[in-house]
file input_9.cif (mmCIF, C-alpha atoms)
data_target
#
loop_
_atom_site.label_atom_id
_atom_site.label_comp_id
_atom_site.auth_asym_id
_atom_site.auth_seq_id
_atom_site.Cartn_x
_atom_site.Cartn_y
_atom_site.Cartn_z
CA MET C 1 -45.30 27.11 16.06
CA ARG C 2 -43.55 24.83 18.45
CA SER C 3 -45.11 21.73 17.00
CA ASN C 4 -43.77 22.64 13.54
CA LEU C 5 -40.18 23.05 14.81
CA LEU C 6 -40.06 19.74 16.64
CA PRO C 7 -40.41 17.51 13.56
CA ARG C 8 -37.78 19.58 11.74
CA ARG C 9 -35.33 19.34 14.61
CA THR C 10 -35.99 15.63 14.89
CA SER C 11 -35.36 15.19 11.16
CA VAL C 12 -32.13 17.12 11.38
CA LEU C 13 -30.99 15.09 14.39
CA VAL C 14 -31.83 11.82 12.66
CA ALA C 15 -29.95 12.94 9.54
CA LEU C 16 -26.91 13.95 11.60
CA LEU C 17 -26.98 10.64 13.47
CA PHE C 18 -27.17 8.74 10.19
CA LEU C 19 -24.21 10.70 8.78
CA ALA C 20 -22.17 10.08 11.91
CA LEU C 21 -22.86 6.36 11.81
CA SER C 22 -22.06 6.08 8.11
CA ALA C 23 -18.82 8.01 8.55
CA CYS C 24 -17.63 5.39 10.99
CA LYS C 25 -17.06 2.94 8.14
CA LEU C 26 -14.85 4.80 5.68
CA ILE C 27 -12.07 2.22 5.47
CA SER C 28 -11.97 -1.54 5.47
CA ASP C 29 -11.40 -3.52 8.63
CA TYR C 30 -7.94 -4.34 9.95
CA ASP C 31 -6.56 -7.46 8.32
CA ALA C 32 -3.63 -9.24 9.98
CA LEU C 33 -2.69 -10.88 6.67
CA SER C 34 -2.50 -7.47 4.98
CA TYR C 35 -0.22 -6.20 7.72
CA LYS C 36 1.97 -9.30 7.52
CA ASN C 37 2.19 -9.06 3.71
CA ALA C 38 3.24 -5.42 3.93
CA THR C 39 5.87 -5.93 6.61
CA ASP C 40 7.27 -9.13 5.08
CA LEU C 41 7.44 -7.69 1.57
CA ARG C 42 9.03 -4.50 2.89
CA VAL C 43 11.84 -6.49 4.50
CA GLU C 44 12.28 -8.67 1.38
CA THR C 45 12.33 -5.62 -0.90
CA MET C 46 14.90 -3.75 1.19
CA ALA C 47 17.12 -6.84 1.41
CA LEU C 48 16.94 -7.41 -2.34
CA LEU C 49 17.61 -3.78 -3.19
CA GLU C 50 20.67 -3.96 -0.93
CA GLN C 51 22.03 -6.51 -3.40
CA GLY C 52 21.59 -4.09 -6.31
CA THR C 53 25.32 -3.36 -6.49
CA GLU C 54 25.89 -7.02 -7.35
CA PRO C 55 25.30 -8.54 -10.81
CA TYR C 56 21.59 -8.82 -11.63
CA ALA C 57 21.98 -12.31 -13.07
CA GLY C 58 22.66 -13.71 -9.62
CA HIS C 59 19.39 -12.22 -8.32
CA ALA C 60 17.03 -12.56 -11.29
CA ALA C 61 15.01 -15.34 -9.65
CA GLU C 62 14.68 -13.31 -6.43
CA VAL C 63 13.47 -10.27 -8.38
CA ALA C 64 10.91 -12.42 -10.21
CA ALA C 65 9.70 -13.93 -6.92
CA LEU C 66 9.43 -10.50 -5.30
CA ARG C 67 7.53 -9.10 -8.27
CA LEU C 68 5.11 -12.00 -7.99
CA GLY C 69 4.67 -11.37 -4.25
CA LEU C 70 3.99 -7.68 -4.87
CA ALA C 71 1.45 -8.51 -7.58
CA GLN C 72 -0.29 -10.99 -5.28
CA ALA C 73 -0.44 -8.44 -2.46
CA TYR C 74 -1.95 -5.86 -4.82
CA GLU C 75 -4.54 -8.33 -6.05
CA TYR C 76 -5.49 -9.26 -2.49
CA GLU C 77 -5.87 -5.62 -1.43
CA HIS C 78 -7.62 -4.54 -4.62
CA ARG C 79 -10.23 -7.30 -4.26
CA LYS C 80 -11.29 -5.99 -0.84
CA GLY C 81 -13.24 -3.27 -2.61
CA LYS C 82 -13.82 0.43 -2.35
CA LEU C 83 -13.20 0.74 1.39
CA ASN C 84 -9.64 -0.45 0.83
CA SER C 85 -8.86 1.81 -2.11
CA ASP C 86 -6.14 3.79 -0.31
CA SER C 87 -4.12 0.68 0.50
CA ALA C 88 -4.71 -0.81 -2.94
CA ALA C 89 -3.49 2.42 -4.54
CA GLN C 90 -0.18 2.18 -2.66
CA TRP C 91 0.26 -1.44 -3.77
CA ALA C 92 -0.52 -0.33 -7.33
CA ARG C 93 2.30 2.22 -7.10
CA LEU C 94 4.73 -0.52 -6.03
CA ASN C 95 3.62 -2.63 -9.01
CA ASP C 96 3.48 0.17 -11.58
CA PRO C 97 5.90 -0.66 -14.43
CA ALA C 98 6.71 3.06 -14.69
CA GLY C 99 7.00 3.43 -10.91
CA ALA C 100 10.25 3.78 -8.99
CA LEU C 101 10.54 0.22 -7.70
CA GLN C 102 9.80 -1.57 -10.96
CA HIS C 103 12.00 0.93 -12.82
CA THR C 104 14.81 0.07 -10.39
CA PHE C 105 14.49 -3.63 -11.16
CA ASP C 106 14.42 -2.95 -14.91
CA THR C 107 17.46 -0.66 -14.66
CA TRP C 108 19.32 -3.25 -12.60
CA LYS C 109 18.58 -5.88 -15.23
CA SER C 110 19.63 -3.73 -18.19
CA ALA C 111 22.71 -2.20 -16.50
CA GLY C 112 23.81 -5.39 -14.81
CA LYS C 113 24.58 -3.55 -11.55
CA LEU C 114 23.41 -0.43 -9.76
CA ASN C 115 25.54 2.15 -8.03
CA GLU C 116 25.25 2.73 -4.30
CA ALA C 117 23.49 6.11 -4.65
CA PHE C 118 20.84 4.62 -6.95
CA VAL C 119 20.23 1.78 -4.49
CA SER C 120 19.93 4.20 -1.56
CA GLU C 121 17.38 6.33 -3.40
CA ALA C 122 15.40 3.26 -4.50
CA LYS C 123 15.29 1.97 -0.93
CA LEU C 124 14.11 5.34 0.34
CA LYS C 125 11.26 5.56 -2.20
CA ALA C 126 10.14 1.96 -1.78
CA GLY C 127 10.38 2.25 2.00
CA GLU C 128 8.09 5.28 1.98
CA LEU C 129 5.45 3.41 -0.02
CA PHE C 130 5.61 0.40 2.27
CA ASP C 131 5.52 2.63 5.35
CA GLU C 132 2.34 4.25 4.06
CA ILE C 133 0.72 0.84 3.50
CA ILE C 134 1.72 -0.27 7.00
CA ARG C 135 0.47 3.01 8.50
CA LEU C 136 -2.87 2.63 6.72
CA GLU C 137 -3.28 -0.93 7.95
CA ARG C 138 -2.34 -0.06 11.53
CA ALA C 139 -4.83 2.81 11.52
CA LYS C 140 -7.60 0.29 10.79
CA ALA C 141 -6.81 -1.49 14.06
CA GLU C 142 -7.30 1.65 16.16
#

call {"tool": "encode", "arguments": {"input": "input_9.cif", "output": "structure tokens"}}
result
Amino acid sequence: MRSNLLPRRTSVLVALLFLALSACKLISDYDALSYKNATDLRVETMALLEQGTEPYAGHAAEVAALRLGLAQAYEYEHRKGKLNSDSAAQWARLNDPAGALQHTFDTWKSAGKLNEAFVSEAKLKAGELFDEIIRLERAKAE
């Protein structure tokens, strides 16, 4: 009977070892450029939203440039593949036309100016998304 149990135990141990090794690679590797993109775009976004109480016309070019930067960051993260899907999903939320940040820019454009409360709420929501991206990227370095 002993000889029959040994192969089974060995098979189970090999299967467990394989699962443990495959679980080690559930997210993509740390990428310094990804971290830099997230932190730089967070600062740019917060600074631009701070200007939301001013006329949009004076900031239209900055909004367009920021939107382009956000789209480029999403494309970069999305192209890393399945292991980077969590980060790419957060970038997608920042770029979503129906999402809070893009809605803020559209509202600013159509209204001409935003009130202070709207700007504060927009900064809070955008900041949370950026913080999650930064947290995800930092976790890859650990």

call {"tool": "residues_near_point", "arguments": {"input": "input_9.cif", "point": "(-1.4, -7.6, 5.9)", "cutoff": "10 Å", "atoms": "all atoms listed in the file", "output": "compact mmCIF listing (two decimals) with C-alpha atoms, keeping the file's coordinate frame"}}
result
# COMPACT_ATOMS: atom_id res chain seq x y z
CA TYR C 30 -7.94 -4.34 9.95
CA ASP C 31 -6.56 -7.46 8.32
CA ALA C 32 -3.63 -9.24 9.98
CA LEU C 33 -2.69 -10.88 6.67
CA SER C 34 -2.50 -7.47 4.98
CA TYR C 35 -0.22 -6.20 7.72
CA LYS C 36 1.97 -9.30 7.52
CA ASN C 37 2.19 -9.06 3.71
CA ALA C 38 3.24 -5.42 3.93
CA THR C 39 5.87 -5.93 6.61
CA ASP C 40 7.27 -9.13 5.08
CA LEU C 41 7.44 -7.69 1.57
CA ALA C 73 -0.44 -8.44 -2.46
CA TYR C 76 -5.49 -9.26 -2.49
CA GLU C 77 -5.87 -5.62 -1.43
CA ILE C 133 0.72 0.84 3.50
CA ILE C 134 1.72 -0.27 7.00
CA GLU C 137 -3.28 -0.93 7.95
CA ARG C 138 -2.34 -0.06 11.53

call {"tool": "residues_around", "arguments": {"input": "input_9.cif", "residues": "C:Glu121", "least_positions_apart": "6", "cutoff": "12 Å", "atoms": "all atoms listed in the file", "output": "list in words"}}
result
Met46, Leu49, Glu50, Gly52, Ala100, Leu101, Thr104, Leu114, Asn115, Gly127 and Glu128 of chain C

call {"tool": "resolve_selection", "arguments": {"input": "input_9.cif", "expression": "the PyMOL selection byres ((chain C and resi 102) around 12)", "output": "MDAnalysis selection string"}}
result
chainID C and resid 45 49 63:64 66:68 70:71 91:101 103:109 122:123 125:126

call {"tool": "atom_distance", "arguments": {"input": "input_9.cif", "atom1": "atom CA of C:Asp29", "atom2": "atom CA of C:Glu132"}}
result
16.4 Å

call {"tool": "atom_distance", "arguments": {"input": "input_9.cif", "atom1": "atom CA of C:Thr53", "atom2": "atom CA of C:Ser110"}}
result
13.0 Å

call {"tool": "atom_distance", "arguments": {"input": "input_9.cif", "atom1": "atom CA of C:Ser87", "atom2": "atom CA of C:Arg42"}}
result
14.3 Å

call {"tool": "closest_residue", "arguments": {"input": "input_9.cif", "among": "C:Leu129, C:Ala111, C:Val119, C:Ala57", "to": "C:Ala88", "atoms": "all atoms listed in the file"}}
result
C:Leu129
